[in-house]
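This is data_22.csv (CSV, C-alpha atoms and all ligand atoms).
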```
chain,number,residue,atom,x,y,z
A,15,MET,CA,4.5,5.0,55.3
A,16,SER,CA,6.4,2.5,53.2
A,17,THR,CA,3.4,0.3,52.7
A,18,THR,CA,2.9,0.5,49.0
A,19,GLY,CA,3.1,-2.6,47.0
A,20,PRO,CA,0.8,-5.1,45.3
A,21,ALA,CA,-2.5,-5.5,47.1
A,22,VAL,CA,-2.9,-8.8,49.0
A,23,PRO,CA,-6.2,-10.6,48.5
A,24,PHE,CA,-8.1,-11.6,51.7
A,25,LEU,CA,-8.4,-15.2,50.3
A,26,ASP,CA,-6.7,-16.7,47.3
A,27,LEU,CA,-7.7,-20.2,46.4
A,28,GLY,CA,-6.2,-20.0,42.8
A,29,PRO,CA,-3.0,-22.1,43.4
A,30,GLU,CA,-5.0,-24.7,45.2
A,31,PHE,CA,-7.6,-24.9,42.4
A,32,GLU,CA,-4.8,-25.3,39.8
A,33,ALA,CA,-3.3,-28.1,41.8
A,34,LEU,CA,-6.6,-30.0,42.2
A,35,ALA,CA,-8.1,-29.3,38.8
A,36,PRO,CA,-6.7,-32.2,36.8
A,37,ALA,CA,-7.8,-34.9,39.2
A,38,TRP,CA,-11.2,-33.2,39.8
A,39,PHE,CA,-11.9,-32.8,36.1
A,40,GLN,CA,-11.2,-36.5,35.7
A,41,ALA,CA,-13.6,-37.3,38.5
A,42,LEU,CA,-16.2,-35.0,36.8
A,43,ARG,CA,-16.0,-37.1,33.6
A,44,GLU,CA,-16.5,-40.3,35.6
A,45,ILE,CA,-19.5,-38.7,37.4
A,46,GLY,CA,-21.0,-37.6,34.1
A,47,ALA,CA,-20.5,-41.0,32.5
A,48,GLY,CA,-21.9,-42.8,35.6
A,49,GLY,CA,-25.0,-40.5,35.7
A,50,ARG,CA,-25.3,-40.3,39.5
A,51,PHE,CA,-25.1,-36.7,40.5
A,52,ILE,CA,-26.5,-36.6,44.1
A,53,LEU,CA,-25.8,-39.0,47.0
A,54,GLY,CA,-23.7,-41.4,44.9
A,55,PRO,CA,-20.5,-43.3,45.4
A,56,ASN,CA,-18.4,-40.2,46.0
A,57,VAL,CA,-20.7,-38.9,48.8
A,58,GLU,CA,-20.6,-42.4,50.4
A,59,ALA,CA,-16.8,-42.6,50.2
A,60,LEU,CA,-16.4,-39.1,51.5
A,61,GLU,CA,-18.7,-39.9,54.5
A,62,ALA,CA,-16.5,-42.9,55.4
A,63,GLU,CA,-13.2,-41.0,54.8
A,64,ALA,CA,-14.3,-37.9,56.8
A,65,ALA,CA,-15.7,-40.0,59.6
A,66,ALA,CA,-12.4,-41.9,59.9
A,67,TYR,CA,-10.4,-38.6,59.9
A,68,VAL,CA,-12.6,-36.9,62.5
A,69,GLY,CA,-12.8,-40.0,64.7
A,70,ALA,CA,-16.6,-40.1,64.5
A,71,ALA,CA,-18.5,-43.4,64.0
A,72,HIS,CA,-20.9,-41.8,61.4
A,73,ALA,CA,-20.9,-39.0,58.9
A,74,VAL,CA,-23.9,-37.8,56.8
A,75,GLY,CA,-23.3,-35.4,53.9
A,76,VAL,CA,-25.8,-32.5,53.6
A,77,ALA,CA,-26.3,-29.4,51.5
A,78,ASN,CA,-24.5,-26.8,53.7
A,79,GLY,CA,-23.2,-26.2,57.3
A,80,THR,CA,-26.4,-24.4,58.4
A,81,ASP,CA,-28.5,-27.5,57.4
A,82,ALA,CA,-26.0,-29.7,59.2
A,83,LEU,CA,-26.7,-27.7,62.4
A,84,VAL,CA,-30.5,-27.7,61.9
A,85,LEU,CA,-30.6,-31.5,61.1
A,86,ALA,CA,-28.3,-32.3,64.0
A,87,LEU,CA,-30.6,-30.4,66.4
A,88,ARG,CA,-33.7,-32.0,64.9
A,89,ALA,CA,-32.2,-35.5,65.1
A,90,LEU,CA,-31.5,-34.9,68.8
A,91,GLY,CA,-35.1,-34.0,69.4
A,92,ILE,CA,-34.5,-30.3,70.1
A,93,GLY,CA,-37.5,-28.1,69.3
A,94,PRO,CA,-40.1,-25.7,70.7
A,95,GLY,CA,-39.9,-25.1,74.4
A,96,ASP,CA,-36.2,-26.0,74.6
A,97,GLU,CA,-33.4,-23.6,75.3
A,98,VAL,CA,-30.0,-24.1,73.7
A,99,ILE,CA,-27.0,-22.3,75.3
A,100,THR,CA,-24.6,-21.0,72.8
A,101,THR,CA,-22.1,-18.2,71.9
A,102,PRO,CA,-23.0,-14.8,70.6
A,103,PHE,CA,-19.5,-14.4,69.0
A,104,THR,CA,-20.0,-16.5,65.9
A,105,PHE,CA,-21.5,-16.4,62.4
A,106,PHE,CA,-25.3,-16.0,62.6
A,107,ALA,CA,-26.0,-19.5,61.3
A,108,THR,CA,-25.2,-21.0,64.7
A,109,ALA,CA,-28.1,-19.3,66.5
A,110,GLU,CA,-30.3,-19.2,63.4
A,111,ALA,CA,-30.2,-23.0,63.4
A,112,VAL,CA,-31.5,-23.1,67.0
A,113,SER,CA,-34.3,-20.7,66.1
A,114,LEU,CA,-35.2,-22.6,62.9
A,115,VAL,CA,-35.9,-25.8,64.9
A,116,GLY,CA,-38.2,-23.7,67.2
A,117,ALA,CA,-35.9,-23.6,70.2
A,118,THR,CA,-34.6,-20.5,71.9
A,119,PRO,CA,-31.0,-19.5,71.9
A,120,VAL,CA,-29.6,-18.4,75.3
A,121,PHE,CA,-26.3,-16.5,74.9
A,122,ALA,CA,-23.4,-17.0,77.3
A,123,ASP,CA,-20.3,-14.9,77.3
A,124,ILE,CA,-16.9,-15.8,75.8
A,125,ASP,CA,-13.3,-16.3,77.0
A,126,PRO,CA,-11.3,-13.2,76.0
A,127,ALA,CA,-8.2,-15.2,74.9
A,128,SER,CA,-9.8,-18.0,72.8
A,129,PHE,CA,-13.0,-16.1,71.8
A,130,ASN,CA,-14.8,-19.4,72.6
A,131,LEU,CA,-17.6,-19.9,75.0
A,132,ASP,CA,-16.7,-19.5,78.6
A,133,PRO,CA,-17.7,-22.7,80.5
A,134,ALA,CA,-18.4,-20.7,83.7
A,135,SER,CA,-20.8,-18.4,81.9
A,136,VAL,CA,-22.5,-21.4,80.3
A,137,ALA,CA,-22.9,-23.1,83.7
A,138,GLU,CA,-24.7,-19.9,85.1
A,139,ARG,CA,-27.3,-20.1,82.4
A,140,ILE,CA,-28.3,-23.7,82.7
A,141,GLY,CA,-32.0,-23.9,83.8
A,142,PRO,CA,-35.0,-26.2,83.7
A,143,ARG,CA,-35.6,-25.6,80.0
A,144,THR,CA,-32.0,-26.1,78.9
A,145,ALA,CA,-31.8,-29.0,76.4
A,146,ALA,CA,-28.4,-28.6,74.9
A,147,ILE,CA,-25.1,-26.7,74.8
A,148,LEU,CA,-24.0,-25.7,71.3
A,149,VAL,CA,-20.3,-25.1,71.3
A,150,VAL,CA,-18.5,-23.3,68.4
A,151,HIS,CA,-14.8,-23.8,67.8
A,152,ILE,CA,-14.5,-20.2,66.6
A,153,PHE,CA,-11.8,-19.3,64.0
A,154,GLY,CA,-10.5,-22.8,64.2
A,155,HIS,CA,-9.6,-22.6,67.9
A,156,PRO,CA,-10.7,-25.8,69.7
A,157,ALA,CA,-13.1,-25.1,72.6
A,158,ASP,CA,-12.4,-26.6,76.0
A,159,MET,CA,-14.2,-29.9,75.4
A,160,GLY,CA,-13.3,-31.4,78.8
A,161,ALA,CA,-15.3,-28.6,80.5
A,162,PHE,CA,-18.3,-28.8,78.1
A,163,THR,CA,-18.4,-32.6,78.1
A,164,GLU,CA,-18.5,-32.6,81.9
A,165,LEU,CA,-21.2,-29.8,82.1
A,166,ALA,CA,-23.4,-31.7,79.6
A,167,ARG,CA,-23.0,-35.0,81.4
A,168,ARG,CA,-23.6,-33.5,84.9
A,169,HIS,CA,-26.9,-31.7,83.8
A,170,GLY,CA,-28.1,-34.4,81.3
A,171,LEU,CA,-27.8,-32.0,78.3
A,172,ALA,CA,-27.1,-32.8,74.7
A,173,LEU,CA,-23.8,-31.4,73.5
A,174,VAL,CA,-23.5,-30.2,69.9
A,175,GLU,CA,-20.4,-28.9,68.2
A,176,ASP,CA,-20.3,-26.3,65.4
A,177,CYS,CA,-17.1,-27.2,63.6
A,178,ALA,CA,-17.8,-25.0,60.6
A,179,GLN,CA,-14.5,-23.2,61.0
A,180,ALA,CA,-12.5,-25.9,62.7
A,181,PHE,CA,-12.2,-29.0,60.5
A,182,GLY,CA,-9.1,-30.9,61.7
A,183,ALA,CA,-8.7,-28.9,65.0
A,184,GLU,CA,-7.8,-31.0,68.0
A,185,TRP,CA,-8.3,-31.0,71.7
A,186,ARG,CA,-6.0,-33.2,73.7
A,187,GLY,CA,-5.1,-35.2,70.6
A,188,ARG,CA,-8.7,-35.8,69.6
A,189,ARG,CA,-10.3,-34.1,66.6
A,190,VAL,CA,-13.2,-31.8,67.1
A,191,GLY,CA,-16.5,-33.2,65.9
A,192,SER,CA,-15.9,-36.4,67.8
A,193,PHE,CA,-16.9,-35.2,71.3
A,194,GLY,CA,-20.5,-34.1,71.1
A,195,ASP,CA,-23.8,-36.0,70.5
A,196,ALA,CA,-23.6,-34.5,67.1
A,197,ALA,CA,-21.4,-32.0,65.2
A,198,ALA,CA,-21.8,-29.9,62.1
A,199,VAL,CA,-19.2,-29.0,59.5
A,200,SER,CA,-19.5,-26.5,56.6
A,201,PHE,CA,-17.7,-27.0,53.3
A,202,TYR,CA,-18.3,-23.4,52.2
A,203,PRO,CA,-15.4,-22.4,50.0
A,204,THR,CA,-13.7,-20.2,52.6
A,205,LYS,CA,-13.6,-22.9,55.3
A,206,VAL,CA,-10.6,-25.1,56.2
A,207,LEU,CA,-12.1,-27.9,54.2
A,208,GLY,CA,-14.0,-26.0,51.5
A,209,CYS,CA,-15.5,-27.1,48.2
A,210,TYR,CA,-16.4,-25.1,45.1
A,211,GLY,CA,-20.0,-24.6,46.0
A,212,ASP,CA,-22.1,-25.4,49.1
A,213,GLY,CA,-21.8,-28.5,51.2
A,214,GLY,CA,-21.9,-29.7,54.8
A,215,MET,CA,-21.7,-32.8,57.0
A,216,VAL,CA,-23.1,-34.1,60.3
A,217,PHE,CA,-20.8,-36.2,62.5
A,218,THR,CA,-22.0,-38.4,65.4
A,219,GLN,CA,-21.0,-41.3,67.5
A,220,ARG,CA,-24.6,-42.4,67.8
A,221,ALA,CA,-26.1,-44.6,65.1
A,222,GLU,CA,-29.7,-43.5,65.7
A,223,VAL,CA,-28.8,-39.8,65.3
A,224,ALA,CA,-27.0,-40.6,62.0
A,225,GLU,CA,-30.0,-42.5,60.8
A,226,ARG,CA,-32.4,-39.7,61.7
A,227,VAL,CA,-30.2,-37.2,59.8
A,228,ARG,CA,-30.2,-39.5,56.7
A,229,HIS,CA,-33.9,-39.7,56.9
A,230,LEU,CA,-34.5,-35.9,57.3
A,231,ARG,CA,-32.1,-34.8,54.6
A,232,ASN,CA,-34.1,-36.6,52.0
A,233,HIS,CA,-37.7,-35.5,52.7
A,234,GLY,CA,-38.3,-37.9,55.6
A,235,ALA,CA,-38.6,-40.7,53.1
A,236,THR,CA,-38.7,-44.3,54.3
A,237,ALA,CA,-38.8,-45.7,50.8
A,238,PRO,CA,-39.2,-44.1,47.4
A,239,PHE,CA,-42.3,-41.9,47.6
A,240,MET,CA,-43.1,-43.0,51.1
A,241,HIS,CA,-42.9,-40.3,53.9
A,242,ASP,CA,-43.4,-40.6,57.7
A,243,THR,CA,-41.9,-37.2,58.7
A,244,LEU,CA,-41.5,-33.7,57.3
A,245,GLY,CA,-37.8,-33.6,56.4
A,246,CYS,CA,-36.2,-31.3,53.8
A,247,ASN,CA,-34.1,-31.4,50.7
A,248,SER,CA,-30.5,-31.2,52.0
A,249,ARG,CA,-28.3,-33.5,50.0
A,250,LEU,CA,-24.7,-33.3,49.0
A,251,ASP,CA,-23.8,-33.7,45.4
A,252,GLU,CA,-21.2,-35.9,43.7
A,253,VAL,CA,-19.4,-32.9,42.1
A,254,GLN,CA,-18.6,-31.4,45.4
A,255,ALA,CA,-18.0,-34.7,47.2
A,256,ALA,CA,-15.4,-35.7,44.5
A,257,LEU,CA,-13.5,-32.4,45.1
A,258,LEU,CA,-13.8,-32.8,48.9
A,259,ARG,CA,-12.2,-36.3,48.7
A,260,LEU,CA,-9.2,-34.8,46.9
A,261,LYS,CA,-8.9,-32.0,49.5
A,262,LEU,CA,-9.4,-34.3,52.4
A,263,ALA,CA,-6.5,-36.5,51.2
A,264,ARG,CA,-4.2,-33.4,51.6
A,265,ILE,CA,-5.9,-31.8,54.6
A,266,GLU,CA,-2.9,-32.1,56.8
A,267,ASP,CA,-0.9,-30.0,54.3
A,268,LEU,CA,-3.7,-27.4,54.1
A,269,ILE,CA,-3.7,-27.1,57.9
A,270,ALA,CA,0.1,-27.0,58.1
A,271,GLY,CA,0.0,-24.2,55.5
A,272,ARG,CA,-2.4,-22.1,57.6
A,273,ARG,CA,-0.4,-22.8,60.7
A,274,ARG,CA,2.8,-21.7,58.9
A,275,VAL,CA,1.2,-18.4,58.0
A,276,ALA,CA,-0.1,-17.9,61.6
A,277,ALA,CA,3.4,-18.6,63.1
A,278,ALA,CA,4.9,-16.1,60.6
A,279,TYR,CA,2.3,-13.5,61.7
A,280,ASP,CA,3.0,-14.2,65.4
A,281,GLU,CA,6.7,-13.5,64.8
A,282,GLY,CA,6.3,-10.6,62.4
A,283,LEU,CA,3.7,-8.8,64.6
A,284,ALA,CA,5.6,-9.3,67.9
A,285,GLY,CA,6.1,-5.9,69.5
A,286,CYS,CA,3.1,-4.3,67.7
A,287,ASP,CA,0.4,-2.7,69.8
A,288,LEU,CA,-2.0,-5.5,69.3
A,289,VAL,CA,-2.8,-9.0,70.7
A,290,THR,CA,-2.2,-11.9,68.4
A,291,PRO,CA,-4.5,-15.0,68.6
A,292,GLY,CA,-4.1,-17.2,71.7
A,293,GLN,CA,-3.2,-20.9,71.1
A,294,PRO,CA,-4.9,-23.7,72.9
A,295,ALA,CA,-2.8,-25.1,75.7
A,296,GLU,CA,-3.8,-28.7,74.9
A,297,GLY,CA,-4.8,-28.7,71.3
A,298,ARG,CA,-4.3,-27.7,67.7
A,299,HIS,CA,-5.7,-24.4,66.2
A,300,VAL,CA,-6.4,-24.7,62.4
A,301,PHE,CA,-6.6,-20.9,61.8
A,302,ASN,CA,-9.6,-20.6,59.5
A,303,LEU,CA,-9.2,-17.0,60.5
A,304,TYR,CA,-6.2,-15.2,62.1
A,305,THR,CA,-7.9,-12.7,64.3
A,306,VAL,CA,-6.0,-10.0,66.2
A,307,ARG,CA,-7.3,-7.6,68.9
A,308,SER,CA,-6.5,-3.9,69.1
A,309,PRO,CA,-8.1,-1.1,71.0
A,310,ARG,CA,-7.5,1.1,67.9
A,311,ARG,CA,-9.2,-1.5,65.6
A,312,ASP,CA,-11.0,1.0,63.3
A,313,ALA,CA,-7.8,3.0,62.6
A,314,LEU,CA,-5.9,-0.2,62.0
A,315,ARG,CA,-8.5,-1.4,59.6
A,316,SER,CA,-8.6,1.8,57.6
A,317,GLY,CA,-4.7,2.0,57.6
A,318,LEU,CA,-4.5,-1.5,56.2
A,319,ALA,CA,-7.2,-0.8,53.6
A,320,ALA,CA,-5.3,2.2,52.4
A,321,ALA,CA,-2.2,0.0,52.1
A,322,GLY,CA,-4.1,-2.5,49.9
A,323,ILE,CA,-4.6,-5.1,52.7
A,324,PRO,CA,-8.3,-6.1,53.1
A,325,THR,CA,-9.4,-7.3,56.5
A,326,SER,CA,-12.6,-8.8,57.9
A,327,GLN,CA,-14.5,-7.7,61.0
A,328,CYS,CA,-15.5,-11.1,62.5
A,329,TYR,CA,-17.8,-10.1,64.2
A,330,PRO,CA,-19.0,-6.5,64.4
A,331,LEU,CA,-22.1,-7.2,66.5
A,332,GLY,CA,-22.8,-10.0,69.0
A,333,LEU,CA,-25.8,-12.2,68.1
A,334,HIS,CA,-27.4,-11.3,71.4
A,335,ARG,CA,-27.8,-7.7,70.0
A,336,GLN,CA,-28.9,-8.5,66.5
A,337,ALA,CA,-32.2,-6.9,65.4
A,338,VAL,CA,-33.7,-10.3,64.8
A,339,TYR,CA,-33.2,-11.2,68.5
A,340,ARG,CA,-34.5,-7.9,69.9
A,341,ASP,CA,-37.4,-9.7,71.7
A,342,LEU,CA,-34.9,-11.8,73.7
A,343,GLY,CA,-34.2,-8.6,75.6
A,344,TYR,CA,-30.4,-8.5,75.8
A,345,ARG,CA,-28.7,-5.2,76.2
A,346,GLU,CA,-25.2,-3.8,75.7
A,347,GLY,CA,-23.2,-4.8,78.7
A,348,ASP,CA,-25.0,-8.1,79.4
A,349,LEU,CA,-22.1,-10.0,77.8
A,350,PRO,CA,-19.2,-7.6,78.2
A,351,VAL,CA,-16.4,-9.8,77.0
A,352,THR,CA,-18.3,-10.4,73.7
A,353,ASP,CA,-19.1,-6.6,73.3
A,354,GLN,CA,-15.4,-5.8,73.8
A,355,ALA,CA,-14.3,-8.5,71.2
A,356,CYS,CA,-16.8,-7.0,68.7
A,357,ARG,CA,-15.1,-3.6,69.2
A,358,GLU,CA,-11.5,-4.8,69.0
A,359,THR,CA,-11.1,-7.7,66.7
A,360,LEU,CA,-9.9,-7.8,63.1
A,361,SER,CA,-9.1,-10.8,60.9
A,362,LEU,CA,-6.1,-10.7,58.6
A,363,PRO,CA,-5.7,-12.5,55.2
A,364,ILE,CA,-4.7,-16.2,55.6
A,365,TYR,CA,-4.8,-19.2,53.3
A,366,PRO,CA,-2.6,-22.3,52.9
A,367,ASP,CA,-0.6,-21.2,49.9
A,368,MET,CA,0.0,-17.6,51.1
A,369,ASP,CA,3.6,-16.8,50.1
A,370,GLU,CA,6.4,-15.1,52.2
A,371,ALA,CA,6.2,-11.8,50.2
A,372,ARG,CA,2.5,-11.4,51.0
A,373,ILE,CA,3.0,-12.3,54.6
A,374,ALA,CA,5.8,-9.8,54.9
A,375,ARG,CA,3.6,-7.1,53.2
A,376,VAL,CA,0.8,-7.6,55.7
A,377,CYS,CA,3.2,-7.5,58.7
A,378,GLU,CA,4.8,-4.3,57.4
A,379,ALA,CA,1.4,-2.7,56.9
A,380,VAL,CA,0.2,-3.7,60.3
A,381,ARG,CA,3.4,-2.4,61.9
A,382,ALA,CA,2.9,0.9,60.1
A,383,ALA,CA,-0.8,1.2,61.1
A,384,ALA,CA,-1.0,-0.4,64.6
B,401,LIG,C1,-19.9,-20.9,57.9
B,401,LIG,C2,-20.5,-21.1,59.2
B,401,LIG,C3,-21.7,-21.8,59.4
B,401,LIG,C4,-22.7,-22.1,58.2
B,401,LIG,O1,-22.2,-22.8,57.2
B,401,LIG,P1,-22.8,-22.7,55.7
B,401,LIG,O2,-22.2,-23.9,55.0
B,401,LIG,O3,-22.4,-21.4,55.2
B,401,LIG,O4,-24.3,-22.9,55.8
B,401,LIG,C5,-22.2,-22.1,60.6
B,401,LIG,N1,-21.4,-21.8,61.7
B,401,LIG,C6,-20.3,-21.1,61.6
B,401,LIG,C7,-19.5,-20.8,62.9
B,401,LIG,C8,-19.7,-20.8,60.4
B,401,LIG,O5,-18.6,-20.1,60.3
```
Encoded form using structure tokens:
Amino acid sequence: MSTTGPAVPFLDLGPEFEALAPAWFQALREIGAGGRFILGPNVEALEAEAAAYVGAAHAVGVANGTDALVLALRALGIGPGDEVITTPFTFFATAEAVSLVGATPVFADIDPASFNLDPASVAERIGPRTAAILVVHIFGHPADMGAFTELARRHGLALVEDCAQAFGAEWRGRRVGSFGDAAAVSFYPTKVLGCYGDGGMVFTQRAEVAERVRHLRNHGATAPFMHDTLGCNSRLDEVQAALLRLKLARIEDLIAGRRRVAAAYDEGLAGCDLVTPGQPAEGRHVFNLYTVRSPRRDALRSGLAAAGIPTSQCYPLGLHRQAVYRDLGYREGDLPVTDQACRETLSLPIYPDMDEARIARVCEAVRAAA
């Protein structure tokens, strides 16, 4: 195998950090001099700028993407006795948020090409206790928002979007996060719009939902030291917000960089014995992850590891079969498309500044190992 060469990191944010550092450090000096470190002017400006970018009327900065989901669900009144239909092929936080508000996740199966929820499988699971559909735009691939908007409207359900991996993704020219009753974004460092710590945001078109999230994120306070609800401490800080404003200003370049790498992989892996990611017919994929499918996934993964190419198995086990959800009673075979995706998928290194040499090395190693 001619696959020796320098190792390729799974994620390399170094060049981006160097580019952003001078402006960020300047902002840090101003924050230090101003003395407001949490929920200050940078958070307020970021909320306005991010809402405008997404096309949502309101944005509320919170401590992380998981809290954004929890607070969105709470603000919509979802809790004990409610069922929320969602995908098992996602990061655990999606279903965890449903459970944390006291509701029960109901898992539907996914579409094999997009890895997103299959609207037909969701429709089959709508029942008298269903309160919401929680859609995830997995890996940055926009879900079919026409189908989910229509299902939610027809059955009188809330529609929530988990956009943690999909900031800037578009469906029919509209950005994700602008469709549902509420949407959650994560600013975890590995995400499309990542900061250098934890952060998250709730987007909504509904003023009363935004108001409730603002209230809940700060201990349910109505005025200093006055509380009418049990909220939590989930606030975004100025240090992260200042950085996120700098990254948001160049988000289109960051997305274009990811799409450039994905297109180079599509071309470089053509003819290999694997399936490259599907692209939405009517939207824009932002490639937070570039996930291929191979029936020989484990051999491919170890071949790549031997060649110095780290990969990620997103996701090795569907959430319906996680130990924590044993009592929900799902078995292998209940959601066969998800089970198969868990056996066959592998995510390759991708980041906006990935250079041609690294892309070529990954393609060469995949061709040798596939
Ligand atoms: C990362 C992620 C989350 C959680 O975001 P955090 O900021 O890490 O709390 C939720 N859902 C999905 C799909 C994610 O990828």
- Message: Please compute the atom CA of Phe31 of chain A-atom CA of Arg189 of chain A distance, one decimal, in Å.
- Response: 26.0 Å
- Task: Enumerate as a ChimeraX atom specification the residues within 9 Å of ligand LIG 401 (chain B), counting all atoms listed in the file.
- Result: /A:77-83,103-109,111,150-153,176-180,198-205,212-214
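Minimum atom-to-atom distance to Thr218 of chain A, evaluated using all atoms listed in the file, belongs to A:Leu87 out of A:Ile52, A:Val275, A:Leu87, A:Cys328.
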- Message: List as a ChimeraX atom specification the protein and nucleic acid residues near segment 318-320 of chain A, meaning an atom at most 12 Å away when only C-alpha atoms are counted, but skip any in the same chain fewer than 6 places from it.
- Response: /A:15-24,311-312,326,360-363,375-384
- Determine, counting only C-alpha atoms, which protein, DNA and RNA residues have an atom within 10 Å of an atom of Phe39 of chain A; residues of the same chain fewer than 4 positions away are not included. Present the result as a ChimeraX atom specification. /A:34-35,43-45,253,256-257
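Checking A:Thr144, A:Gly28, A:Arg357, A:Phe51 one by one against Pro94 of chain A, counting only C-alpha atoms, you find the shortest gap at A:Thr144.
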- Task: Determine, counting all atoms listed in the file, which protein, DNA and RNA residues have an atom within 10 Å of an atom of Gly54 of chain A; residues of the same chain fewer than 2 positions away are not included. Present the result as a PyMOL selection string.
- Result: chain A and resi 45+48-52+56-59+250-253+255
Dump as CSV the rows for residues of segment 292-312 of chain A within 12 Å of segment 345-356 of chain A: closest atom pair and distance in Å with one decimal, all atoms listed in the file counted, ordered by chain and rising residue number.
```
residue,atom,partner,partner_atom,distance
A:Thr305,CA,A:Ala355,CA,10.3
A:Val306,CA,A:Ala355,CA,9.8
A:Arg307,CA,A:Ala355,CA,7.4
A:Ser308,CA,A:Ala355,CA,9.3
A:Pro309,CA,A:Gln354,CA,9.1
A:Arg311,CA,A:Cys356,CA,9.9
A:Asp312,CA,A:Cys356,CA,11.3
```
Only C-alpha atoms, please: the residues just picked out, written as a compact mmCIF listing (two decimals), keeping the file's coordinate frame.
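Once everything was written out, this is again.txt:
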```txt
# COMPACT_ATOMS: atom_id res chain seq x y z
CA THR A 305 -7.90 -12.70 64.30
CA VAL A 306 -6.00 -10.00 66.20
CA ARG A 307 -7.30 -7.60 68.90
CA SER A 308 -6.50 -3.90 69.10
CA PRO A 309 -8.10 -1.10 71.00
CA ARG A 311 -9.20 -1.50 65.60
CA ASP A 312 -11.00 1.00 63.30
```
- Task: Compare A:Phe121, A:Phe193, A:Ala73, A:Leu25 by their minimum atom-to-atom distance to Gln336 of chain A, counting only C-alpha atoms, and give me the closest one.
- Result: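 Going through A:Phe121, A:Phe193, A:Ala73, A:Leu25 one by one, the smallest distance to Gln336 of chain A is for A:Phe121.
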- Message: Excluding Gly297 of chain A and its own-chain neighbours fewer than 6 positions away, which residues fall within 8 Å of it when counting all atoms listed in the file? Please give them as a PyMOL selection string.
- Response: chain A and resi 156+183-187
- Go ahead and compute the interatomic distance for atom CA of Trp38 of chain A and atom CA of Leu53 of chain A, in Å to one decimal.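 Spanning atom CA of Trp38 of chain A to atom CA of Leu53 of chain A is a straight-line distance of 17.3 Å.
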- In terms of the shortest atom-to-atom distance over only C-alpha atoms, which of A:Ala37, A:Leu258, A:Leu165, A:Ala117 is closest to Gly75 of chain A?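 So, comparing all the options, the nearest one is A:Leu258.
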- Message: Calculated over all atoms listed in the file, which of the candidates A:Cys246, A:Ala197, A:Val190, A:Ala263 has the smallest distance to Gly154 of chain A?
- Response: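 Result for the nearest residue to Gly154 of chain A: A:Val190.
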